[in-house]
>>> print(open('input14.cif').read())   # mmCIF, C-alpha atoms
data_protein
#
loop_
_atom_site.group_PDB
_atom_site.id
_atom_site.type_symbol
_atom_site.label_atom_id
_atom_site.label_comp_id
_atom_site.auth_asym_id
_atom_site.auth_seq_id
_atom_site.Cartn_x
_atom_site.Cartn_y
_atom_site.Cartn_z
ATOM 1 C CA MET A 276 -44.867 -34.636 -77.357
ATOM 2 C CA THR A 277 -41.134 -34.557 -77.734
ATOM 3 C CA THR A 278 -38.681 -36.749 -75.959
ATOM 4 C CA SER A 279 -35.193 -35.453 -75.137
ATOM 5 C CA HIS A 280 -32.375 -37.820 -75.865
ATOM 6 C CA MET A 281 -29.801 -37.921 -73.129
ATOM 7 C CA PRO A 282 -26.190 -38.555 -74.247
ATOM 8 C CA LEU A 283 -24.714 -41.845 -73.179
ATOM 9 C CA PRO A 284 -21.749 -41.780 -70.819
ATOM 10 C CA GLN A 285 -18.470 -41.791 -72.751
ATOM 11 C CA THR A 286 -16.043 -42.314 -69.914
ATOM 12 C CA ARG A 287 -15.470 -46.032 -70.393
ATOM 13 C CA THR A 288 -15.291 -45.782 -74.185
ATOM 14 C CA THR A 289 -12.827 -42.923 -74.068
ATOM 15 C CA LYS A 290 -10.644 -44.821 -71.655
ATOM 16 C CA THR A 291 -10.694 -47.880 -73.812
ATOM 17 C CA ASN A 292 -9.740 -45.904 -76.911
ATOM 18 C CA SER A 293 -6.940 -44.129 -75.097
ATOM 19 C CA GLU A 294 -5.609 -47.430 -73.858
ATOM 20 C CA ALA A 295 -5.796 -48.858 -77.365
ATOM 21 C CA LYS A 296 -3.995 -45.819 -78.748
ATOM 22 C CA GLY A 297 -1.321 -46.121 -76.127
ATOM 23 C CA LYS A 298 -0.727 -49.773 -76.956
ATOM 24 C CA GLY A 299 -1.197 -49.981 -80.698
ATOM 25 C CA GLY A 300 -1.572 -46.456 -81.969
ATOM 26 C CA ARG A 301 -4.851 -45.059 -83.358
ATOM 27 C CA GLY A 302 -7.020 -47.745 -81.865
ATOM 28 C CA SER A 303 -5.161 -50.697 -83.433
ATOM 29 C CA ARG A 304 -4.205 -53.637 -81.275
ATOM 30 C CA ARG A 305 -1.053 -55.608 -82.004
ATOM 31 C CA PRO A 306 -1.248 -59.386 -81.751
ATOM 32 C CA ARG A 307 0.555 -60.800 -78.778
ATOM 33 C CA ILE A 308 3.461 -63.025 -79.721
ATOM 34 C CA ILE A 309 3.586 -66.026 -77.496
ATOM 35 C CA GLY A 310 7.059 -67.195 -76.533
ATOM 36 C CA ALA A 311 8.887 -64.298 -78.191
ATOM 37 C CA GLY A 312 12.543 -64.097 -77.190
ATOM 38 C CA LYS A 313 12.644 -67.659 -75.896
ATOM 39 C CA GLN A 314 15.209 -70.089 -77.264
ATOM 40 C CA LEU A 315 13.847 -73.261 -78.796
ATOM 41 C CA HIS A 316 15.324 -76.544 -77.601
ATOM 42 C CA ALA A 317 15.722 -79.633 -79.761
ATOM 43 C CA GLY A 318 13.906 -82.769 -78.737
ATOM 44 C CA PRO A 319 15.091 -86.383 -78.893
ATOM 45 C CA LEU A 320 13.585 -86.874 -82.359
ATOM 46 C CA THR A 321 15.714 -84.021 -83.726
ATOM 47 C CA TYR A 322 18.897 -85.667 -82.499
ATOM 48 C CA VAL A 323 17.857 -88.998 -83.976
ATOM 49 C CA VAL A 324 17.160 -87.484 -87.409
ATOM 50 C CA LEU A 325 20.405 -85.495 -87.410
ATOM 51 C CA SER A 326 22.385 -88.552 -86.334
ATOM 52 C CA VAL A 327 20.928 -90.609 -89.181
ATOM 53 C CA PHE A 328 21.782 -87.904 -91.737
ATOM 54 C CA ALA A 329 25.311 -87.604 -90.301
ATOM 55 C CA LEU A 330 25.848 -91.372 -90.554
ATOM 56 C CA PHE A 331 24.701 -91.464 -94.170
ATOM 57 C CA SER A 332 26.925 -88.476 -95.002
ATOM 58 C CA LEU A 333 30.005 -89.999 -93.369
ATOM 59 C CA ALA A 334 29.443 -93.521 -94.711
ATOM 60 C CA PRO A 335 31.431 -93.060 -97.999
ATOM 61 C CA LEU A 336 34.390 -91.504 -96.166
ATOM 62 C CA VAL A 337 34.391 -94.229 -93.497
ATOM 63 C CA TRP A 338 34.223 -96.950 -96.140
ATOM 64 C CA THR A 339 37.148 -95.353 -98.012
ATOM 65 C CA ALA A 340 39.210 -95.413 -94.810
ATOM 66 C CA ILE A 341 38.250 -99.046 -94.112
ATOM 67 C CA ALA A 342 39.153 -100.139 -97.658
ATOM 68 C CA ALA A 343 42.432 -98.200 -97.471
ATOM 69 C CA SER A 344 43.394 -100.085 -94.314
ATOM 70 C CA ARG A 345 42.898 -103.543 -95.855
ATOM 71 C CA THR A 346 44.591 -105.578 -98.559
ATOM 72 C CA ASP A 347 43.363 -105.963 -102.116
ATOM 73 C CA ARG A 348 42.672 -109.668 -101.542
ATOM 74 C CA ARG A 349 40.540 -108.953 -98.475
ATOM 75 C CA LEU A 350 38.488 -106.394 -100.375
ATOM 76 C CA ALA A 351 37.653 -109.015 -103.006
ATOM 77 C CA GLU A 352 36.212 -111.414 -100.434
ATOM 78 C CA THR A 353 32.535 -111.778 -99.529
ATOM 79 C CA PRO A 354 31.329 -110.325 -97.237
ATOM 80 C CA PRO A 355 33.494 -107.210 -97.490
ATOM 81 C CA PRO A 356 35.302 -105.919 -94.386
ATOM 82 C CA LEU A 357 33.299 -103.684 -92.093
ATOM 83 C CA TRP A 358 36.093 -102.557 -89.772
ATOM 84 C CA PHE A 359 39.578 -101.134 -90.047
ATOM 85 C CA GLY A 360 42.656 -103.221 -90.728
ATOM 86 C CA GLY A 361 46.348 -102.655 -90.118
ATOM 87 C CA ASN A 362 47.603 -101.613 -93.588
ATOM 88 C CA LEU A 363 46.428 -97.995 -93.682
ATOM 89 C CA PHE A 364 49.793 -96.252 -93.371
ATOM 90 C CA LYS A 365 51.503 -98.797 -95.581
ATOM 91 C CA ASN A 366 48.984 -98.279 -98.374
ATOM 92 C CA MET A 367 49.200 -94.494 -97.938
ATOM 93 C CA GLU A 368 52.982 -94.627 -98.280
ATOM 94 C CA THR A 369 52.696 -96.773 -101.403
ATOM 95 C CA ALA A 370 50.199 -94.384 -103.009
ATOM 96 C CA TRP A 371 52.274 -91.353 -102.001
ATOM 97 C CA GLU A 372 55.486 -92.673 -103.539
ATOM 98 C CA GLU A 373 54.014 -94.444 -106.573
ATOM 99 C CA VAL A 374 52.490 -91.386 -108.260
ATOM 100 C CA GLY A 375 54.182 -88.485 -106.471
ATOM 101 C CA LEU A 376 51.197 -87.257 -104.504
ATOM 102 C CA GLY A 377 53.314 -84.648 -102.721
ATOM 103 C CA THR A 378 54.060 -82.768 -105.949
ATOM 104 C CA ALA A 379 50.468 -83.243 -107.103
ATOM 105 C CA MET A 380 49.082 -81.718 -103.905
ATOM 106 C CA VAL A 381 51.355 -78.685 -104.183
ATOM 107 C CA ASN A 382 50.266 -78.192 -107.806
ATOM 108 C CA THR A 383 46.600 -78.597 -106.915
ATOM 109 C CA ALA A 384 46.839 -76.183 -103.987
ATOM 110 C CA PHE A 385 48.375 -73.561 -106.286
ATOM 111 C CA VAL A 386 45.799 -74.132 -109.029
ATOM 112 C CA ALA A 387 42.796 -74.224 -106.692
ATOM 113 C CA GLY A 388 43.989 -71.209 -104.692
ATOM 114 C CA THR A 389 44.583 -69.099 -107.802
ATOM 115 C CA ILE A 390 41.226 -70.044 -109.303
ATOM 116 C CA THR A 391 39.429 -69.334 -106.021
ATOM 117 C CA VAL A 392 40.931 -65.864 -105.508
ATOM 118 C CA SER A 393 40.348 -64.884 -109.140
ATOM 119 C CA THR A 394 36.793 -66.208 -109.282
ATOM 120 C CA VAL A 395 35.722 -64.546 -106.040
ATOM 121 C CA LEU A 396 37.276 -61.198 -107.027
ATOM 122 C CA PHE A 397 35.948 -60.992 -110.580
ATOM 123 C CA ALA A 398 32.564 -62.524 -109.716
ATOM 124 C CA THR A 399 32.050 -59.979 -106.938
ATOM 125 C CA LEU A 400 32.917 -57.062 -109.214
ATOM 126 C CA ALA A 401 30.720 -58.359 -112.041
ATOM 127 C CA GLY A 402 27.890 -59.196 -109.647
ATOM 128 C CA PHE A 403 28.036 -55.682 -108.192
ATOM 129 C CA ALA A 404 27.914 -54.179 -111.689
ATOM 130 C CA PHE A 405 24.875 -56.238 -112.671
ATOM 131 C CA ALA A 406 23.130 -55.605 -109.344
ATOM 132 C CA LYS A 407 23.652 -51.897 -108.709
ATOM 133 C CA LEU A 408 25.106 -50.127 -111.749
ATOM 134 C CA ARG A 409 23.100 -48.853 -114.703
ATOM 135 C CA PHE A 410 24.583 -49.297 -118.152
ATOM 136 C CA ARG A 411 23.404 -50.212 -121.621
ATOM 137 C CA PHE A 412 22.498 -53.793 -122.418
ATOM 138 C CA SER A 413 22.941 -54.865 -118.784
ATOM 139 C CA SER A 414 19.954 -57.214 -118.943
ATOM 140 C CA ALA A 415 21.091 -58.711 -122.252
ATOM 141 C CA LEU A 416 24.611 -59.254 -120.922
ATOM 142 C CA LEU A 417 23.251 -60.902 -117.783
ATOM 143 C CA VAL A 418 21.091 -63.249 -119.840
ATOM 144 C CA LEU A 419 24.092 -64.035 -122.046
ATOM 145 C CA THR A 420 26.224 -64.767 -118.986
ATOM 146 C CA ILE A 421 23.618 -67.090 -117.503
ATOM 147 C CA GLY A 422 23.133 -68.721 -120.913
ATOM 148 C CA THR A 423 26.746 -69.868 -120.967
ATOM 149 C CA MET A 424 25.920 -72.137 -118.028
ATOM 150 C CA MET A 425 23.658 -74.155 -120.332
ATOM 151 C CA ILE A 426 26.507 -75.070 -122.709
ATOM 152 C CA PRO A 427 28.071 -78.460 -121.836
ATOM 153 C CA PRO A 428 31.773 -77.983 -121.028
ATOM 154 C CA GLN A 429 32.642 -81.012 -123.186
ATOM 155 C CA LEU A 430 31.881 -78.960 -126.306
ATOM 156 C CA ALA A 431 34.744 -76.575 -125.526
ATOM 157 C CA VAL A 432 37.417 -79.203 -124.889
ATOM 158 C CA VAL A 433 38.801 -79.489 -128.439
ATOM 159 C CA PRO A 434 38.985 -75.748 -129.302
ATOM 160 C CA LEU A 435 40.317 -75.003 -125.817
ATOM 161 C CA TYR A 436 43.050 -77.615 -126.164
ATOM 162 C CA LEU A 437 44.044 -76.281 -129.591
ATOM 163 C CA TRP A 438 44.165 -72.742 -128.184
ATOM 164 C CA MET A 439 46.411 -73.795 -125.296
ATOM 165 C CA ALA A 440 48.669 -75.706 -127.684
ATOM 166 C CA ASP A 441 49.030 -72.603 -129.880
ATOM 167 C CA LEU A 442 50.087 -70.642 -126.792
ATOM 168 C CA GLY A 443 52.719 -73.267 -126.012
ATOM 169 C CA TRP A 444 51.178 -74.117 -122.634
ATOM 170 C CA SER A 445 50.780 -77.867 -123.070
ATOM 171 C CA ASN A 446 51.255 -79.795 -119.818
ATOM 172 C CA GLN A 447 51.567 -76.580 -117.796
ATOM 173 C CA LEU A 448 49.451 -75.471 -114.848
ATOM 174 C CA GLN A 449 48.290 -72.234 -116.464
ATOM 175 C CA THR A 450 46.440 -74.387 -118.973
ATOM 176 C CA VAL A 451 44.136 -75.485 -116.141
ATOM 177 C CA ILE A 452 43.982 -72.069 -114.466
ATOM 178 C CA LEU A 453 43.169 -69.764 -117.388
ATOM 179 C CA PRO A 454 39.768 -71.191 -118.505
ATOM 180 C CA THR A 455 38.339 -70.978 -114.974
ATOM 181 C CA LEU A 456 39.529 -67.568 -113.769
ATOM 182 C CA VAL A 457 35.894 -66.441 -113.634
ATOM 183 C CA THR A 458 32.641 -68.398 -113.825
ATOM 184 C CA ALA A 459 29.118 -67.533 -114.867
ATOM 185 C CA PHE A 460 27.752 -69.243 -111.764
ATOM 186 C CA GLY A 461 29.904 -67.078 -109.496
ATOM 187 C CA THR A 462 28.771 -63.904 -111.245
ATOM 188 C CA PHE A 463 25.093 -64.860 -111.006
ATOM 189 C CA PHE A 464 25.500 -65.967 -107.387
ATOM 190 C CA MET A 465 27.095 -62.695 -106.298
ATOM 191 C CA ARG A 466 24.604 -60.629 -108.289
ATOM 192 C CA GLN A 467 21.632 -62.296 -106.588
ATOM 193 C CA TYR A 468 23.176 -61.763 -103.165
ATOM 194 C CA LEU A 469 24.125 -58.115 -103.651
ATOM 195 C CA VAL A 470 20.687 -57.155 -104.967
ATOM 196 C CA GLN A 471 19.284 -57.653 -101.449
ATOM 197 C CA ALA A 472 22.323 -57.298 -99.178
ATOM 198 C CA LEU A 473 23.689 -54.010 -100.536
ATOM 199 C CA PRO A 474 21.306 -51.020 -100.207
ATOM 200 C CA GLY A 475 21.556 -48.466 -102.973
ATOM 201 C CA GLU A 476 21.352 -45.673 -100.380
ATOM 202 C CA LEU A 477 24.648 -46.847 -98.891
ATOM 203 C CA ILE A 478 26.396 -46.477 -102.238
ATOM 204 C CA GLU A 479 24.867 -43.055 -102.814
ATOM 205 C CA ALA A 480 25.944 -41.917 -99.360
ATOM 206 C CA ALA A 481 29.512 -42.984 -100.087
ATOM 207 C CA ARG A 482 29.503 -41.109 -103.389
ATOM 208 C CA VAL A 483 28.100 -37.984 -101.705
ATOM 209 C CA ASP A 484 30.986 -38.142 -99.227
ATOM 210 C CA GLY A 485 33.378 -38.006 -102.174
ATOM 211 C CA ALA A 486 34.397 -41.685 -102.333
ATOM 212 C CA SER A 487 35.787 -42.861 -105.642
ATOM 213 C CA SER A 488 34.570 -46.012 -107.378
ATOM 214 C CA LEU A 489 37.554 -47.954 -106.039
ATOM 215 C CA ARG A 490 36.851 -46.851 -102.464
ATOM 216 C CA VAL A 491 33.163 -47.687 -102.849
ATOM 217 C CA VAL A 492 34.075 -51.201 -103.936
ATOM 218 C CA TRP A 493 36.697 -51.668 -101.211
ATOM 219 C CA HIS A 494 34.873 -50.091 -98.247
ATOM 220 C CA VAL A 495 31.220 -50.742 -99.130
ATOM 221 C CA VAL A 496 30.816 -53.601 -101.602
ATOM 222 C CA PHE A 497 33.402 -56.045 -100.252
ATOM 223 C CA PRO A 498 32.272 -55.796 -96.586
ATOM 224 C CA ALA A 499 28.644 -56.285 -97.584
ATOM 225 C CA ALA A 500 29.503 -59.229 -99.859
ATOM 226 C CA ARG A 501 31.859 -60.968 -97.416
ATOM 227 C CA PRO A 502 29.473 -63.820 -96.412
ATOM 228 C CA ALA A 503 28.670 -64.673 -100.026
ATOM 229 C CA MET A 504 32.351 -64.375 -100.975
ATOM 230 C CA ALA A 505 33.219 -66.934 -98.298
ATOM 231 C CA VAL A 506 30.618 -69.401 -99.581
ATOM 232 C CA LEU A 507 31.639 -68.905 -103.206
ATOM 233 C CA GLY A 508 35.304 -69.286 -102.284
ATOM 234 C CA LEU A 509 34.665 -72.593 -100.517
ATOM 235 C CA LEU A 510 32.599 -73.983 -103.389
ATOM 236 C CA THR A 511 35.139 -72.850 -105.977
ATOM 237 C CA PHE A 512 38.078 -74.328 -104.074
ATOM 238 C CA VAL A 513 36.356 -77.703 -103.677
ATOM 239 C CA PHE A 514 35.386 -77.769 -107.362
ATOM 240 C CA ALA A 515 38.904 -76.817 -108.496
ATOM 241 C CA TRP A 516 40.489 -79.398 -106.200
ATOM 242 C CA ASN A 517 38.233 -82.185 -107.472
ATOM 243 C CA ASP A 518 38.248 -81.178 -111.153
ATOM 244 C CA PHE A 519 39.178 -84.145 -113.322
ATOM 245 C CA MET A 520 38.011 -83.838 -116.926
ATOM 246 C CA TRP A 521 40.059 -80.862 -118.145
ATOM 247 C CA PRO A 522 43.244 -81.562 -116.080
ATOM 248 C CA ILE A 523 43.417 -85.168 -117.330
ATOM 249 C CA ILE A 524 43.379 -83.817 -120.903
ATOM 250 C CA ALA A 525 45.682 -80.859 -120.417
ATOM 251 C CA LEU A 526 48.310 -82.334 -118.051
ATOM 252 C CA ASN A 527 50.441 -85.440 -117.847
ATOM 253 C CA GLN A 528 52.155 -87.355 -115.068
ATOM 254 C CA GLU A 529 55.201 -85.076 -115.141
ATOM 255 C CA ASN A 530 53.202 -82.120 -113.810
ATOM 256 C CA PRO A 531 49.947 -83.549 -112.406
ATOM 257 C CA THR A 532 47.205 -82.391 -110.116
ATOM 258 C CA VAL A 533 45.811 -84.694 -107.434
ATOM 259 C CA GLN A 534 43.071 -86.141 -109.625
ATOM 260 C CA VAL A 535 45.502 -86.805 -112.500
ATOM 261 C CA ALA A 536 47.907 -88.519 -110.106
ATOM 262 C CA LEU A 537 45.152 -90.638 -108.575
ATOM 263 C CA ASN A 538 44.092 -91.742 -112.040
ATOM 264 C CA ALA A 539 47.555 -93.272 -112.505
ATOM 265 C CA LEU A 540 47.012 -95.560 -109.495
ATOM 266 C CA GLY A 541 44.465 -97.591 -111.445
ATOM 267 C CA THR A 542 46.411 -98.017 -114.696
ATOM 268 C CA GLY A 543 48.214 -101.235 -113.776
ATOM 269 C CA TYR A 544 47.366 -104.677 -115.136
ATOM 270 C CA VAL A 545 45.758 -105.607 -111.804
ATOM 271 C CA PRO A 546 45.030 -102.365 -109.922
ATOM 272 C CA ASP A 547 45.374 -102.564 -106.147
ATOM 273 C CA GLN A 548 42.054 -101.256 -104.876
ATOM 274 C CA SER A 549 43.329 -100.716 -101.339
ATOM 275 C CA VAL A 550 46.143 -98.477 -102.605
ATOM 276 C CA ILE A 551 43.673 -96.558 -104.779
ATOM 277 C CA MET A 552 41.440 -96.004 -101.755
ATOM 278 C CA ALA A 553 44.445 -94.861 -99.722
ATOM 279 C CA GLY A 554 45.322 -92.350 -102.428
ATOM 280 C CA ALA A 555 41.716 -91.117 -102.557
ATOM 281 C CA LEU A 556 41.763 -90.684 -98.779
ATOM 282 C CA LEU A 557 45.001 -88.680 -98.980
ATOM 283 C CA GLY A 558 43.499 -86.502 -101.705
ATOM 284 C CA THR A 559 40.455 -85.788 -99.540
ATOM 285 C CA LEU A 560 42.294 -84.935 -96.321
ATOM 286 C CA PRO A 561 43.293 -81.350 -97.342
ATOM 287 C CA LEU A 562 39.631 -80.486 -98.004
ATOM 288 C CA LEU A 563 38.597 -81.878 -94.625
ATOM 289 C CA ILE A 564 41.360 -79.970 -92.854
ATOM 290 C CA ALA A 565 40.451 -76.740 -94.645
ATOM 291 C CA PHE A 566 36.804 -77.087 -93.646
ATOM 292 C CA LEU A 567 37.689 -77.903 -90.031
ATOM 293 C CA LEU A 568 39.919 -74.822 -89.851
ATOM 294 C CA PHE A 569 37.668 -72.328 -91.638
ATOM 295 C CA GLY A 570 34.212 -73.883 -91.374
ATOM 296 C CA LYS A 571 33.252 -71.886 -88.289
ATOM 297 C CA GLN A 572 34.234 -68.591 -89.927
ATOM 298 C CA ILE A 573 32.328 -69.449 -93.098
ATOM 299 C CA VAL A 574 29.170 -70.467 -91.236
ATOM 300 C CA GLY A 575 29.481 -67.408 -89.009
ATOM 301 C CA GLY A 576 29.737 -65.196 -92.067
ATOM 302 C CA ILE A 577 26.654 -66.779 -93.578
ATOM 303 C CA MET A 578 24.661 -66.250 -90.372
ATOM 304 C CA GLN A 579 25.885 -62.662 -90.098
ATOM 305 C CA GLY A 580 24.781 -61.959 -93.660
ATOM 306 C CA ALA A 581 21.398 -63.584 -93.015
ATOM 307 C CA ILE A 582 20.818 -61.425 -89.922
ATOM 308 C CA LYS A 583 21.825 -58.225 -91.727
ATOM 309 C CA GLY A 584 19.613 -59.114 -94.698
#
>>> encode(input="input14.cif", output="structure tokens")
Amino acid sequence: MTTSHMPLPQTRTTKTNSEAKGKGGRGSRRPRIIGAGKQLHAGPLTYVVLSVFALFSLAPLVWTAIAASRTDRRLAETPPPLWFGGNLFKNMETAWEEVGLGTAMVNTAFVAGTITVSTVLFATLAGFAFAKLRFRFSSALLVLTIGTMMIPPQLAVVPLYLWMADLGWSNQLQTVILPTLVTAFGTFFMRQYLVQALPGELIEAARVDGASSLRVVWHVVFPAARPAMAVLGLLTFVFAWNDFMWPIIALNQENPTVQVALNALGTGYVPDQSVIMAGALLGTLPLLIAFLLFGKQIVGGIMQGAIKG
């Protein structure tokens, strides 16, 4: 005796599969993202943590301003002052006139600006070459470039000074500028950024359209590298402005940078600490002003590069 097998109804299964195909494609279901597109709001704990970090970050600057507004005798007392006094502008004027901070700031702005422009330009070109161009010994040259970062800069002071003396550049600003026209860190930084931020297809498309190497660099590489160039420029400018070791060796008080001039404030028999703090505050103000003016553009460039990447 044989039993006929009746087919099961397929209507519900077919409908389910068609619905799954319509939603996820080929029967796959995508996970539902809860809260997608909604903006997250910070809670009270976030503000407390950020406020604490901001206070700790601003504490050295606030203490410098407090010390600059007091007298040297008051700074030597116990407990030290915890609020501003009335000698801030007087101490600033003394520091400004005693070591010629005006001339030092002009010199430092020229040195730091030249170093920043040169470092960003050459580091971007070298980083692009290491990231996207194929040439012999590229890996070996990159390793050699990174290896120079492991050499302490103190080892190069004596031969560098003798070289500058042979060129007749003693006590001149180009002595400080020339050794830092390009840095290994800047090259490595730009190379790592361009590896991800600059698609190779974009370069090939520009070459197919007949663009020369110069136009590729100007119209493709520089726009793609703009966020990283802004960050590198800010870091380089701050480092060049605050550089002390090589300028104090290469320059004198006749043609100083800010750090060399500030060093002269503490060379007296009894250094006035309040005047030294006033000079340090004056030397820091240009960096604060530069960040307040261009900080939004730099952060915006970083965020734009992060979104594109």
>>> resolve_selection(input="input14.cif", expression="the PyMOL selection byres ((chain A and resi 455) around 9)", output="PyMOL selection string")
chain A and resi 390+393-394+451-454+456-458+515
>>> residues_around(input="input14.cif", residues="A:Trp521", least_positions_apart="4", cutoff="9 Å", atoms="all atoms listed in the file", output="list of chain:residue names")
A:Gln429, A:Val432, A:Val451, A:Ala525, A:Leu526
>>> closest_residue(input="input14.cif", among="A:Glu529, A:Glu368, A:Glu352, A:Glu476", to="A:Leu557", atoms="only C-alpha atoms")
A:Glu368
>>> resolve_selection(input="input14.cif", expression="the PyMOL selection byres ((chain A and resi 507-510) around 9)", output="list in words")
Thr391, Val392, Thr394, Val395, Gly461, Phe464, Met465, Pro502, Ala503, Met504, Ala505, Val506, Thr511, Phe512, Val513, Phe514, Ala515, Phe566 and Ile573 of chain A
>>> atom_distance(input="input14.cif", atom1="atom CA of A:Gln447", atom2="atom CA of A:Leu400")
28.3 Å
>>> atom_distance(input="input14.cif", atom1="atom CA of A:Met367", atom2="atom CA of A:Ser549")
9.2 Å
>>> closest_atom_pairs(input="input14.cif", of="stretch 331-437 of chain A", to="stretch 532-546 of chain A", cutoff="12 Å", atoms="all atoms listed in the file", output="JSON lines")
{"residue": "A:Thr346", "atom": "CA", "partner": "A:Pro546", "partner_atom": "CA", "distance": 11.8}
{"residue": "A:Asp347", "atom": "CA", "partner": "A:Pro546", "partner_atom": "CA", "distance": 8.8}
{"residue": "A:Arg348", "atom": "CA", "partner": "A:Pro546", "partner_atom": "CA", "distance": 11.4}
{"residue": "A:Asn366", "atom": "CA", "partner": "A:Leu540", "partner_atom": "CA", "distance": 11.6}
{"residue": "A:Met367", "atom": "CA", "partner": "A:Leu540", "partner_atom": "CA", "distance": 11.8}
{"residue": "A:Thr369", "atom": "CA", "partner": "A:Leu540", "partner_atom": "CA", "distance": 10.0}
{"residue": "A:Ala370", "atom": "CA", "partner": "A:Leu540", "partner_atom": "CA", "distance": 7.3}
{"residue": "A:Trp371", "atom": "CA", "partner": "A:Ala536", "partner_atom": "CA", "distance": 9.6}
{"residue": "A:Glu372", "atom": "CA", "partner": "A:Leu540", "partner_atom": "CA", "distance": 10.8}
{"residue": "A:Glu373", "atom": "CA", "partner": "A:Leu540", "partner_atom": "CA", "distance": 7.7}
{"residue": "A:Val374", "atom": "CA", "partner": "A:Ala536", "partner_atom": "CA", "distance": 5.7}
{"residue": "A:Gly375", "atom": "CA", "partner": "A:Ala536", "partner_atom": "CA", "distance": 7.3}
{"residue": "A:Leu376", "atom": "CA", "partner": "A:Ala536", "partner_atom": "CA", "distance": 6.6}
{"residue": "A:Gly377", "atom": "CA", "partner": "A:Val533", "partner_atom": "CA", "distance": 8.9}
{"residue": "A:Thr378", "atom": "CA", "partner": "A:Thr532", "partner_atom": "CA", "distance": 8.0}
{"residue": "A:Ala379", "atom": "CA", "partner": "A:Thr532", "partner_atom": "CA", "distance": 4.5}
{"residue": "A:Met380", "atom": "CA", "partner": "A:Val533", "partner_atom": "CA", "distance": 5.7}
{"residue": "A:Val381", "atom": "CA", "partner": "A:Thr532", "partner_atom": "CA", "distance": 8.1}
{"residue": "A:Asn382", "atom": "CA", "partner": "A:Thr532", "partner_atom": "CA", "distance": 5.7}
{"residue": "A:Thr383", "atom": "CA", "partner": "A:Thr532", "partner_atom": "CA", "distance": 5.0}
{"residue": "A:Ala384", "atom": "CA", "partner": "A:Thr532", "partner_atom": "CA", "distance": 8.7}
{"residue": "A:Phe385", "atom": "CA", "partner": "A:Thr532", "partner_atom": "CA", "distance": 9.7}
{"residue": "A:Val386", "atom": "CA", "partner": "A:Thr532", "partner_atom": "CA", "distance": 8.4}
{"residue": "A:Ala387", "atom": "CA", "partner": "A:Thr532", "partner_atom": "CA", "distance": 9.9}
>>> atom_distance(input="input14.cif", atom1="atom CA of A:Ala431", atom2="atom CA of A:Leu562")
28.2 Å
>>> closest_residue(input="input14.cif", among="A:Phe331, A:Tyr468, A:Tyr436, A:Trp338", to="A:Thr399", atoms="all atoms listed in the file")
A:Tyr468
>>> residues_around(input="input14.cif", residues="A:Ala555", least_positions_apart="2", cutoff="9 Å", atoms="all atoms listed in the file", output="PyMOL selection string")
chain A and resi 339+343+534+537+550-553+557-560
>>> residues_around(input="input14.cif", residues="A:Leu350", least_positions_apart="6", cutoff="10 Å", atoms="all atoms listed in the file", output="NGL selection string")
:A and (341-343 or 356 or 547-549)
>>> closest_residue(input="input14.cif", among="A:Ala351, A:Leu416, A:Ala481, A:Ile524", to="A:Leu435", atoms="only C-alpha atoms")
A:Ile524
>>> build_atoms(input="input14.cif", residues="stretch 415-425 of chain A", atoms="N, CA and C atoms", output="short mmCIF file (atom, residue, chain, number, x, y, z; two decimals), keeping the file's coordinate frame")
data_model
loop_
_atom_site.label_atom_id
_atom_site.label_comp_id
_atom_site.auth_asym_id
_atom_site.auth_seq_id
_atom_site.Cartn_x
_atom_site.Cartn_y
_atom_site.Cartn_z
N ALA A 415 20.68 -57.78 -121.20
CA ALA A 415 21.09 -58.71 -122.25
C ALA A 415 22.40 -59.40 -121.89
N LEU A 416 23.33 -58.66 -121.32
CA LEU A 416 24.61 -59.25 -120.92
C LEU A 416 24.42 -60.26 -119.78
N LEU A 417 23.51 -59.95 -118.86
CA LEU A 417 23.25 -60.90 -117.78
C LEU A 417 22.64 -62.18 -118.32
N VAL A 418 21.69 -62.06 -119.23
CA VAL A 418 21.09 -63.25 -119.84
C VAL A 418 22.14 -64.04 -120.61
N LEU A 419 23.02 -63.35 -121.32
CA LEU A 419 24.09 -64.04 -122.05
C LEU A 419 25.04 -64.76 -121.09
N THR A 420 25.35 -64.13 -119.97
CA THR A 420 26.22 -64.77 -118.99
C THR A 420 25.59 -66.02 -118.41
N ILE A 421 24.31 -65.92 -118.04
CA ILE A 421 23.62 -67.09 -117.50
C ILE A 421 23.47 -68.17 -118.57
N GLY A 422 23.29 -67.75 -119.83
CA GLY A 422 23.13 -68.72 -120.91
C GLY A 422 24.36 -69.58 -121.13
N THR A 423 25.54 -69.05 -120.80
CA THR A 423 26.75 -69.87 -120.97
C THR A 423 26.76 -71.07 -120.02
N MET A 424 26.00 -71.01 -118.95
CA MET A 424 25.92 -72.14 -118.03
C MET A 424 25.19 -73.32 -118.64
N MET A 425 24.41 -73.09 -119.69
CA MET A 425 23.66 -74.16 -120.33
C MET A 425 24.47 -74.91 -121.37
#
